[in-house]
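Pasting data_7.txt here (compact mmCIF, N, CA, C and O atoms):
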# COMPACT_ATOMS: atom_id res chain seq x y z
N MET A 399 -4.36 -29.67 28.58
CA MET A 399 -5.53 -29.43 27.78
C MET A 399 -5.08 -28.81 26.46
O MET A 399 -4.29 -27.89 26.43
N GLU A 400 -5.65 -29.24 25.37
CA GLU A 400 -5.25 -28.77 24.06
C GLU A 400 -6.34 -27.87 23.50
O GLU A 400 -7.52 -28.14 23.68
N VAL A 401 -5.94 -26.80 22.82
CA VAL A 401 -6.87 -25.85 22.24
C VAL A 401 -6.70 -25.88 20.74
O VAL A 401 -5.59 -25.75 20.23
N ASP A 402 -7.80 -26.04 20.02
CA ASP A 402 -7.77 -26.00 18.56
C ASP A 402 -7.89 -24.56 18.13
O ASP A 402 -8.97 -23.99 18.17
N THR A 403 -6.78 -23.94 17.75
CA THR A 403 -6.79 -22.52 17.39
C THR A 403 -7.21 -22.30 15.96
O THR A 403 -7.33 -21.17 15.51
N GLY A 404 -7.47 -23.35 15.21
CA GLY A 404 -7.84 -23.21 13.81
C GLY A 404 -9.28 -22.80 13.62
O GLY A 404 -9.68 -22.42 12.54
N ASN A 405 -10.10 -22.87 14.64
CA ASN A 405 -11.51 -22.55 14.49
C ASN A 405 -11.95 -21.68 15.65
O ASN A 405 -12.43 -22.15 16.66
N SER A 406 -11.80 -20.36 15.49
CA SER A 406 -12.10 -19.45 16.59
C SER A 406 -13.59 -19.43 16.91
O SER A 406 -13.97 -19.22 18.05
N TYR A 407 -14.47 -19.69 15.94
CA TYR A 407 -15.90 -19.72 16.21
C TYR A 407 -16.21 -20.84 17.20
O TYR A 407 -16.96 -20.67 18.13
N PHE A 408 -15.57 -22.00 16.98
CA PHE A 408 -15.75 -23.13 17.87
C PHE A 408 -15.30 -22.79 19.28
O PHE A 408 -15.98 -23.08 20.25
N ILE A 409 -14.15 -22.16 19.41
CA ILE A 409 -13.59 -21.84 20.72
C ILE A 409 -14.47 -20.82 21.43
O ILE A 409 -14.65 -20.89 22.63
N GLU A 410 -15.05 -19.87 20.69
CA GLU A 410 -15.91 -18.88 21.32
C GLU A 410 -17.14 -19.53 21.94
O GLU A 410 -17.70 -19.02 22.90
N LYS A 411 -17.57 -20.66 21.42
CA LYS A 411 -18.74 -21.33 21.95
C LYS A 411 -18.41 -22.20 23.16
O LYS A 411 -19.29 -22.65 23.85
N LEU A 412 -17.12 -22.48 23.42
CA LEU A 412 -16.73 -23.30 24.55
C LEU A 412 -16.82 -22.49 25.84
O LEU A 412 -16.57 -21.30 25.84
N PRO A 413 -17.15 -23.14 26.93
CA PRO A 413 -17.10 -22.41 28.20
C PRO A 413 -15.66 -22.06 28.53
O PRO A 413 -14.73 -22.78 28.14
N VAL A 414 -15.47 -20.98 29.24
CA VAL A 414 -14.13 -20.50 29.56
C VAL A 414 -13.35 -21.56 30.32
O VAL A 414 -12.15 -21.70 30.15
N GLU A 415 -14.03 -22.35 31.16
CA GLU A 415 -13.33 -23.36 31.94
C GLU A 415 -12.64 -24.38 31.04
O GLU A 415 -11.72 -25.06 31.44
N ARG A 416 -13.11 -24.53 29.82
CA ARG A 416 -12.59 -25.56 28.92
C ARG A 416 -11.14 -25.29 28.53
O ARG A 416 -10.39 -26.20 28.24
N TYR A 417 -10.76 -24.04 28.48
CA TYR A 417 -9.39 -23.73 28.08
C TYR A 417 -8.73 -22.71 29.00
O TYR A 417 -8.07 -21.79 28.58
N THR A 418 -8.90 -22.87 30.28
CA THR A 418 -8.27 -21.99 31.25
C THR A 418 -6.80 -22.32 31.36
O THR A 418 -6.34 -23.38 30.96
N SER A 419 -6.06 -21.40 31.92
CA SER A 419 -4.62 -21.58 32.03
C SER A 419 -4.29 -22.64 33.08
O SER A 419 -5.11 -22.98 33.92
N THR A 420 -3.05 -23.11 33.06
CA THR A 420 -2.63 -24.16 34.00
C THR A 420 -2.61 -23.65 35.42
O THR A 420 -2.70 -24.43 36.35
N LYS A 421 -2.51 -22.36 35.62
CA LYS A 421 -2.53 -21.80 36.98
C LYS A 421 -3.86 -22.07 37.65
O LYS A 421 -3.95 -22.21 38.85
N GLU A 422 -4.92 -22.11 36.83
CA GLU A 422 -6.26 -22.27 37.37
C GLU A 422 -6.71 -23.73 37.37
O GLU A 422 -7.76 -24.04 37.91
N THR A 423 -5.98 -24.63 36.73
CA THR A 423 -6.39 -26.02 36.65
C THR A 423 -5.76 -26.83 37.77
O THR A 423 -4.73 -26.45 38.32
N LYS A 424 -6.36 -27.96 38.07
CA LYS A 424 -5.83 -28.83 39.11
C LYS A 424 -4.61 -29.56 38.57
O LYS A 424 -4.57 -29.95 37.41
N LYS A 425 -3.64 -29.75 39.43
CA LYS A 425 -2.44 -30.49 39.04
C LYS A 425 -2.76 -31.99 39.08
O LYS A 425 -3.49 -32.44 39.96
N PRO A 426 -2.22 -32.75 38.10
CA PRO A 426 -2.46 -34.19 38.12
C PRO A 426 -1.74 -34.82 39.30
O PRO A 426 -0.75 -34.28 39.80
N PRO A 427 -2.19 -35.98 39.76
CA PRO A 427 -1.51 -36.64 40.87
C PRO A 427 -0.07 -36.98 40.49
O PRO A 427 0.23 -37.24 39.34
N GLU A 428 0.82 -36.96 41.48
CA GLU A 428 2.25 -37.16 41.22
C GLU A 428 2.57 -38.56 40.75
O GLU A 428 3.59 -38.79 40.13
N ASN A 429 1.70 -39.55 41.02
CA ASN A 429 1.99 -40.90 40.58
C ASN A 429 1.74 -41.08 39.08
O ASN A 429 2.05 -42.12 38.53
N ASN A 430 1.16 -40.09 38.42
CA ASN A 430 0.92 -40.14 36.98
C ASN A 430 2.22 -39.83 36.26
O ASN A 430 2.77 -38.75 36.39
N LYS A 431 2.71 -40.76 35.44
CA LYS A 431 3.99 -40.60 34.77
C LYS A 431 3.86 -39.90 33.42
O LYS A 431 4.86 -39.60 32.81
N SER A 432 2.65 -39.65 32.93
CA SER A 432 2.51 -39.02 31.61
C SER A 432 2.87 -37.54 31.70
O SER A 432 2.65 -36.88 32.72
N PRO A 433 3.45 -36.99 30.63
CA PRO A 433 3.81 -35.57 30.65
C PRO A 433 2.55 -34.70 30.67
O PRO A 433 1.50 -35.13 30.21
N PRO A 434 2.66 -33.51 31.22
CA PRO A 434 1.49 -32.63 31.25
C PRO A 434 1.07 -32.24 29.84
O PRO A 434 1.89 -32.18 28.92
N ALA A 435 -0.20 -32.02 29.65
CA ALA A 435 -0.72 -31.63 28.35
C ALA A 435 -0.24 -30.23 27.99
O ALA A 435 -0.07 -29.37 28.85
N PHE A 436 -0.03 -30.01 26.72
CA PHE A 436 0.40 -28.70 26.22
C PHE A 436 -0.76 -27.71 26.32
O PHE A 436 -1.88 -28.02 25.92
N VAL A 437 -0.48 -26.55 26.85
CA VAL A 437 -1.46 -25.49 26.94
C VAL A 437 -0.92 -24.29 26.17
O VAL A 437 0.15 -23.77 26.48
N ASN A 438 -1.64 -23.87 25.18
CA ASN A 438 -1.23 -22.73 24.37
C ASN A 438 -1.72 -21.45 25.03
O ASN A 438 -2.82 -20.98 24.80
N HIS A 439 -0.88 -20.86 25.87
CA HIS A 439 -1.26 -19.67 26.62
C HIS A 439 -1.50 -18.47 25.71
O HIS A 439 -2.37 -17.64 25.98
N ALA A 440 -0.75 -18.39 24.64
CA ALA A 440 -0.93 -17.27 23.70
C ALA A 440 -2.30 -17.34 23.05
O ALA A 440 -2.98 -16.33 22.90
N ALA A 441 -2.72 -18.53 22.66
CA ALA A 441 -4.04 -18.68 22.04
C ALA A 441 -5.14 -18.36 23.04
O ALA A 441 -6.13 -17.71 22.70
N ILE A 442 -4.97 -18.79 24.28
CA ILE A 442 -5.96 -18.50 25.31
C ILE A 442 -6.06 -16.99 25.52
O ILE A 442 -7.17 -16.44 25.55
N ALA A 443 -4.93 -16.33 25.64
CA ALA A 443 -4.94 -14.87 25.83
C ALA A 443 -5.57 -14.17 24.64
O ALA A 443 -6.34 -13.21 24.79
N TRP A 444 -5.24 -14.65 23.43
CA TRP A 444 -5.79 -14.04 22.22
C TRP A 444 -7.32 -14.15 22.22
O TRP A 444 -8.03 -13.17 21.95
N HIS A 445 -7.85 -15.33 22.53
CA HIS A 445 -9.29 -15.53 22.52
C HIS A 445 -9.98 -14.74 23.64
O HIS A 445 -11.08 -14.20 23.43
N GLU A 446 -9.34 -14.62 24.78
CA GLU A 446 -9.91 -13.81 25.87
C GLU A 446 -9.96 -12.34 25.47
O GLU A 446 -10.97 -11.66 25.69
N ASN A 447 -8.89 -11.84 24.87
CA ASN A 447 -8.87 -10.44 24.42
C ASN A 447 -9.87 -10.22 23.30
O ASN A 447 -10.54 -9.18 23.24
N ARG A 448 -9.99 -11.17 22.39
CA ARG A 448 -10.95 -11.05 21.29
C ARG A 448 -12.37 -11.02 21.84
O ARG A 448 -13.20 -10.23 21.39
N ARG A 449 -12.64 -11.88 22.82
CA ARG A 449 -13.98 -11.91 23.41
C ARG A 449 -14.30 -10.56 24.07
O ARG A 449 -15.41 -10.06 23.98
N LYS A 450 -13.30 -9.94 24.73
CA LYS A 450 -13.51 -8.62 25.33
C LYS A 450 -13.79 -7.58 24.26
O LYS A 450 -14.64 -6.70 24.43
N TRP A 451 -13.07 -7.66 23.15
CA TRP A 451 -13.20 -6.66 22.09
C TRP A 451 -14.51 -6.84 21.33
O TRP A 451 -15.22 -5.88 21.06
N VAL A 452 -14.85 -8.07 20.99
CA VAL A 452 -16.04 -8.34 20.19
C VAL A 452 -17.31 -8.29 21.04
O VAL A 452 -18.36 -7.88 20.58
N GLY A 453 -17.21 -8.73 22.27
CA GLY A 453 -18.38 -8.79 23.12
C GLY A 453 -19.07 -10.13 22.99
O GLY A 453 -18.55 -11.07 22.39
N ASP A 454 -20.25 -10.21 23.53
CA ASP A 454 -21.02 -11.45 23.52
C ASP A 454 -21.69 -11.60 22.16
O ASP A 454 -22.60 -10.85 21.82
N VAL A 455 -21.25 -12.58 21.39
CA VAL A 455 -21.75 -12.80 20.04
C VAL A 455 -23.24 -13.15 20.06
O VAL A 455 -23.98 -12.79 19.15
N SER A 456 -23.70 -13.81 21.10
CA SER A 456 -25.10 -14.21 21.17
C SER A 456 -26.03 -13.00 21.29
O SER A 456 -27.22 -13.11 21.01
N LYS A 457 -25.51 -11.86 21.71
CA LYS A 457 -26.34 -10.67 21.86
C LYS A 457 -26.38 -9.80 20.60
O LYS A 457 -27.07 -8.79 20.59
N TRP A 458 -25.64 -10.21 19.57
CA TRP A 458 -25.68 -9.45 18.33
C TRP A 458 -27.05 -9.59 17.69
O TRP A 458 -27.63 -10.66 17.65
N SER A 459 -27.54 -8.51 17.17
CA SER A 459 -28.84 -8.58 16.50
C SER A 459 -28.63 -9.01 15.05
O SER A 459 -27.60 -8.75 14.44
N GLU A 460 -29.63 -9.67 14.53
CA GLU A 460 -29.58 -10.08 13.12
C GLU A 460 -29.74 -8.82 12.27
O GLU A 460 -30.63 -8.01 12.50
N ARG A 461 -28.87 -8.70 11.29
CA ARG A 461 -28.99 -7.55 10.39
C ARG A 461 -30.05 -7.82 9.34
O ARG A 461 -30.05 -8.86 8.71
N MET A 462 -30.93 -6.87 9.21
CA MET A 462 -31.97 -7.00 8.20
C MET A 462 -31.36 -6.65 6.84
O MET A 462 -30.66 -5.65 6.72
N PRO A 463 -31.63 -7.48 5.83
CA PRO A 463 -31.08 -7.16 4.51
C PRO A 463 -31.69 -5.85 4.02
O PRO A 463 -32.88 -5.60 4.17
N LYS A 464 -30.82 -5.02 3.47
CA LYS A 464 -31.27 -3.73 2.97
C LYS A 464 -31.42 -3.79 1.46
O LYS A 464 -30.77 -4.59 0.80
N ASP A 465 -32.26 -2.95 0.95
CA ASP A 465 -32.36 -2.84 -0.50
C ASP A 465 -31.05 -2.27 -1.02
O ASP A 465 -30.45 -1.40 -0.39
N PRO A 466 -30.62 -2.74 -2.20
CA PRO A 466 -29.37 -2.21 -2.74
C PRO A 466 -29.48 -0.72 -3.05
O PRO A 466 -30.55 -0.22 -3.41
N ILE A 467 -28.39 -0.03 -2.87
CA ILE A 467 -28.36 1.40 -3.15
C ILE A 467 -28.19 1.63 -4.65
O ILE A 467 -28.79 2.52 -5.24
N ILE A 468 -27.36 0.80 -5.26
CA ILE A 468 -27.15 0.89 -6.71
C ILE A 468 -28.25 0.08 -7.38
O ILE A 468 -28.41 -1.11 -7.11
N SER A 469 -28.98 0.70 -8.26
CA SER A 469 -30.06 0.02 -8.97
C SER A 469 -29.50 -1.07 -9.86
O SER A 469 -28.38 -0.97 -10.38
N TRP A 470 -30.29 -2.13 -10.08
CA TRP A 470 -29.84 -3.23 -10.92
C TRP A 470 -29.64 -2.77 -12.37
O TRP A 470 -28.91 -3.39 -13.14
N SER A 471 -30.28 -1.66 -12.74
CA SER A 471 -30.16 -1.16 -14.12
C SER A 471 -29.05 -0.12 -14.28
O SER A 471 -28.82 0.37 -15.39
N THR A 472 -28.35 0.21 -13.20
CA THR A 472 -27.27 1.21 -13.27
C THR A 472 -26.10 0.65 -14.07
O THR A 472 -25.74 -0.51 -13.93
N THR A 473 -25.55 1.49 -14.91
CA THR A 473 -24.38 1.08 -15.70
C THR A 473 -23.14 1.78 -15.15
O THR A 473 -23.23 2.74 -14.37
N TYR A 474 -22.01 1.28 -15.58
CA TYR A 474 -20.74 1.87 -15.17
C TYR A 474 -20.67 3.33 -15.62
O TYR A 474 -20.21 4.20 -14.88
N GLU A 475 -21.16 3.60 -16.82
CA GLU A 475 -21.17 4.97 -17.35
C GLU A 475 -22.06 5.88 -16.51
O GLU A 475 -21.75 7.06 -16.33
N ASP A 476 -23.17 5.33 -16.00
CA ASP A 476 -24.06 6.13 -15.14
C ASP A 476 -23.32 6.61 -13.89
O ASP A 476 -23.49 7.74 -13.45
N LEU A 477 -22.49 5.73 -13.34
CA LEU A 477 -21.74 6.11 -12.15
C LEU A 477 -20.67 7.14 -12.46
O LEU A 477 -20.39 8.01 -11.63
N LEU A 478 -20.05 7.05 -13.63
CA LEU A 478 -18.96 7.95 -13.97
C LEU A 478 -19.44 9.28 -14.55
O LEU A 478 -18.67 10.24 -14.58
N SER A 479 -20.69 9.35 -15.00
CA SER A 479 -21.16 10.55 -15.69
C SER A 479 -21.59 11.66 -14.74
O SER A 479 -21.86 12.78 -15.19
N THR A 480 -21.65 11.41 -13.48
CA THR A 480 -22.09 12.43 -12.54
C THR A 480 -21.00 12.69 -11.50
O THR A 480 -20.22 11.80 -11.17
N THR A 481 -21.00 13.93 -11.03
CA THR A 481 -20.06 14.27 -9.96
C THR A 481 -20.79 14.43 -8.63
O THR A 481 -20.18 14.73 -7.62
N GLU A 482 -22.11 14.19 -8.65
CA GLU A 482 -22.90 14.32 -7.43
C GLU A 482 -22.67 13.10 -6.54
O GLU A 482 -22.56 11.97 -7.03
N PRO A 483 -22.59 13.31 -5.23
CA PRO A 483 -22.43 12.16 -4.33
C PRO A 483 -23.71 11.33 -4.29
O PRO A 483 -24.79 11.82 -4.60
N PHE A 484 -23.57 10.09 -3.90
CA PHE A 484 -24.74 9.23 -3.75
C PHE A 484 -25.57 9.73 -2.57
O PHE A 484 -25.06 10.38 -1.66
N SER A 485 -26.84 9.38 -2.59
CA SER A 485 -27.73 9.82 -1.52
C SER A 485 -27.34 9.21 -0.17
O SER A 485 -27.60 9.78 0.87
N GLU A 486 -26.72 8.03 -0.20
CA GLU A 486 -26.20 7.41 1.01
C GLU A 486 -24.97 6.59 0.64
O GLU A 486 -24.73 6.31 -0.51
N SER A 487 -24.20 6.23 1.65
CA SER A 487 -22.99 5.46 1.41
C SER A 487 -23.32 4.11 0.81
O SER A 487 -24.32 3.48 1.17
N ILE A 488 -22.47 3.65 -0.10
CA ILE A 488 -22.64 2.34 -0.71
C ILE A 488 -21.74 1.36 0.02
O ILE A 488 -20.53 1.59 0.12
N PRO A 489 -22.30 0.28 0.55
CA PRO A 489 -21.47 -0.71 1.25
C PRO A 489 -20.43 -1.29 0.29
O PRO A 489 -20.69 -1.48 -0.90
N LEU A 490 -19.27 -1.57 0.83
CA LEU A 490 -18.18 -2.10 0.02
C LEU A 490 -18.59 -3.37 -0.72
O LEU A 490 -18.29 -3.53 -1.91
N THR A 491 -19.29 -4.27 -0.04
CA THR A 491 -19.68 -5.52 -0.69
C THR A 491 -20.58 -5.28 -1.90
O THR A 491 -20.44 -5.95 -2.92
N GLU A 492 -21.46 -4.30 -1.80
CA GLU A 492 -22.34 -3.98 -2.93
C GLU A 492 -21.55 -3.40 -4.09
O GLU A 492 -21.78 -3.76 -5.25
N MET A 493 -20.58 -2.52 -3.81
CA MET A 493 -19.77 -1.93 -4.87
C MET A 493 -18.90 -2.99 -5.54
O MET A 493 -18.77 -3.01 -6.77
N VAL A 494 -18.33 -3.89 -4.74
CA VAL A 494 -17.51 -4.96 -5.32
C VAL A 494 -18.36 -5.85 -6.22
O VAL A 494 -17.95 -6.19 -7.33
N ASP A 495 -19.55 -6.23 -5.76
CA ASP A 495 -20.44 -7.05 -6.59
C ASP A 495 -20.78 -6.35 -7.89
O ASP A 495 -20.78 -6.96 -8.97
N PHE A 496 -21.06 -5.06 -7.81
CA PHE A 496 -21.38 -4.28 -9.00
C PHE A 496 -20.21 -4.27 -9.98
O PHE A 496 -20.38 -4.55 -11.17
N LEU A 497 -19.01 -3.98 -9.48
CA LEU A 497 -17.84 -3.93 -10.36
C LEU A 497 -17.49 -5.29 -10.96
O LEU A 497 -17.16 -5.39 -12.14
N VAL A 498 -17.60 -6.34 -10.17
CA VAL A 498 -17.32 -7.68 -10.69
C VAL A 498 -18.31 -8.04 -11.78
O VAL A 498 -17.92 -8.59 -12.83
N ASP A 499 -19.58 -7.70 -11.60
CA ASP A 499 -20.58 -7.96 -12.65
C ASP A 499 -20.23 -7.22 -13.93
O ASP A 499 -20.30 -7.78 -15.03
N ILE A 500 -19.84 -5.96 -13.80
CA ILE A 500 -19.46 -5.16 -14.98
C ILE A 500 -18.24 -5.77 -15.65
O ILE A 500 -18.21 -5.94 -16.87
N TRP A 501 -17.23 -6.10 -14.87
CA TRP A 501 -16.00 -6.65 -15.43
C TRP A 501 -16.25 -8.02 -16.09
O TRP A 501 -15.65 -8.32 -17.12
N GLN A 502 -17.12 -8.82 -15.50
CA GLN A 502 -17.44 -10.11 -16.12
C GLN A 502 -18.16 -9.90 -17.45
O GLN A 502 -17.89 -10.61 -18.42
N ASP A 503 -19.09 -8.93 -17.49
CA ASP A 503 -19.80 -8.64 -18.75
C ASP A 503 -18.84 -8.19 -19.83
O ASP A 503 -19.05 -8.48 -21.01
N GLU A 504 -17.79 -7.46 -19.45
CA GLU A 504 -16.82 -6.96 -20.42
C GLU A 504 -15.68 -7.94 -20.65
O GLU A 504 -14.77 -7.64 -21.43
N GLY A 505 -15.70 -9.10 -19.98
CA GLY A 505 -14.67 -10.11 -20.18
C GLY A 505 -13.35 -9.77 -19.50
O GLY A 505 -12.30 -10.32 -19.86
N LEU A 506 -13.38 -8.86 -18.52
CA LEU A 506 -12.16 -8.46 -17.85
C LEU A 506 -11.87 -9.26 -16.59
O LEU A 506 -10.79 -9.18 -16.02
N PHE A 507 -12.86 -10.02 -16.14
CA PHE A 507 -12.71 -10.73 -14.87
C PHE A 507 -13.27 -12.14 -15.05
O PHE A 507 -14.38 -12.32 -15.49
N ASP A 508 -12.45 -13.12 -14.75
CA ASP A 508 -12.92 -14.51 -14.90
C ASP A 508 -13.21 -15.11 -13.56
O ASP A 508 -12.56 -14.98 -12.61

In structure tokens, what does this structure look like?
Amino acid sequence: MEVDTGNSYFIEKLPVERYTSTKETKKPPENNKSPPAFVNHAAIAWHENRRKWVGDVSKWSERMPKDPIISWSTTYEDLLSTTEPFSESIPLTEMVDFLVDIWQDEGLFD
């Protein structure tokens, strides 16, 4: 049995029986002259451990989009002019978007 390790999302959706180890699979009849299929045991172990660590993806709740913490009218100078902490943590993605917008406006980022 062959496992496509290039798409872990696809593999997570497969039933476990689809890529079980050769110890658990039936042996082909001896009159079959074709070589046994390659089984990537490392990939199987990796996906099993990942599934244990991540848990059941189907049980994840949808994240509700939050209002941005940084106002659309905030400038780079506004952020640098104060030493007070923000009222709440700013998600990394929001800060990166903010900085990229500033850098693009200043011609520093293409």

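With atom O of Glu486 in chain A on one side and CA of Ile467 in chain A on the other, the separation reads 6.7 Å.
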
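Within the 12 Å cut-off around range 494-503 of chain A, using only C-alpha atoms and omitting residues fewer than 2 positions from it on the same chain, the listed residues are A:Pro466, A:Ile467, A:Ile468, A:Ser469, A:Trp470, A:Ser471, A:Thr472, A:Thr473, A:Tyr474, A:Glu475, A:Leu477, A:Ile488, A:Pro489, A:Leu490, A:Thr491, A:Glu492, A:Gly505, A:Leu506, A:Phe507, A:Asp508.
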
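What separates atom N of Pro463 in chain A from atom C of Ser487 in chain A is a distance of 15.1 Å.
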
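Here CA of Glu504 in chain A stands at a distance of 14.5 Å from atom N of Asp476 in chain A.
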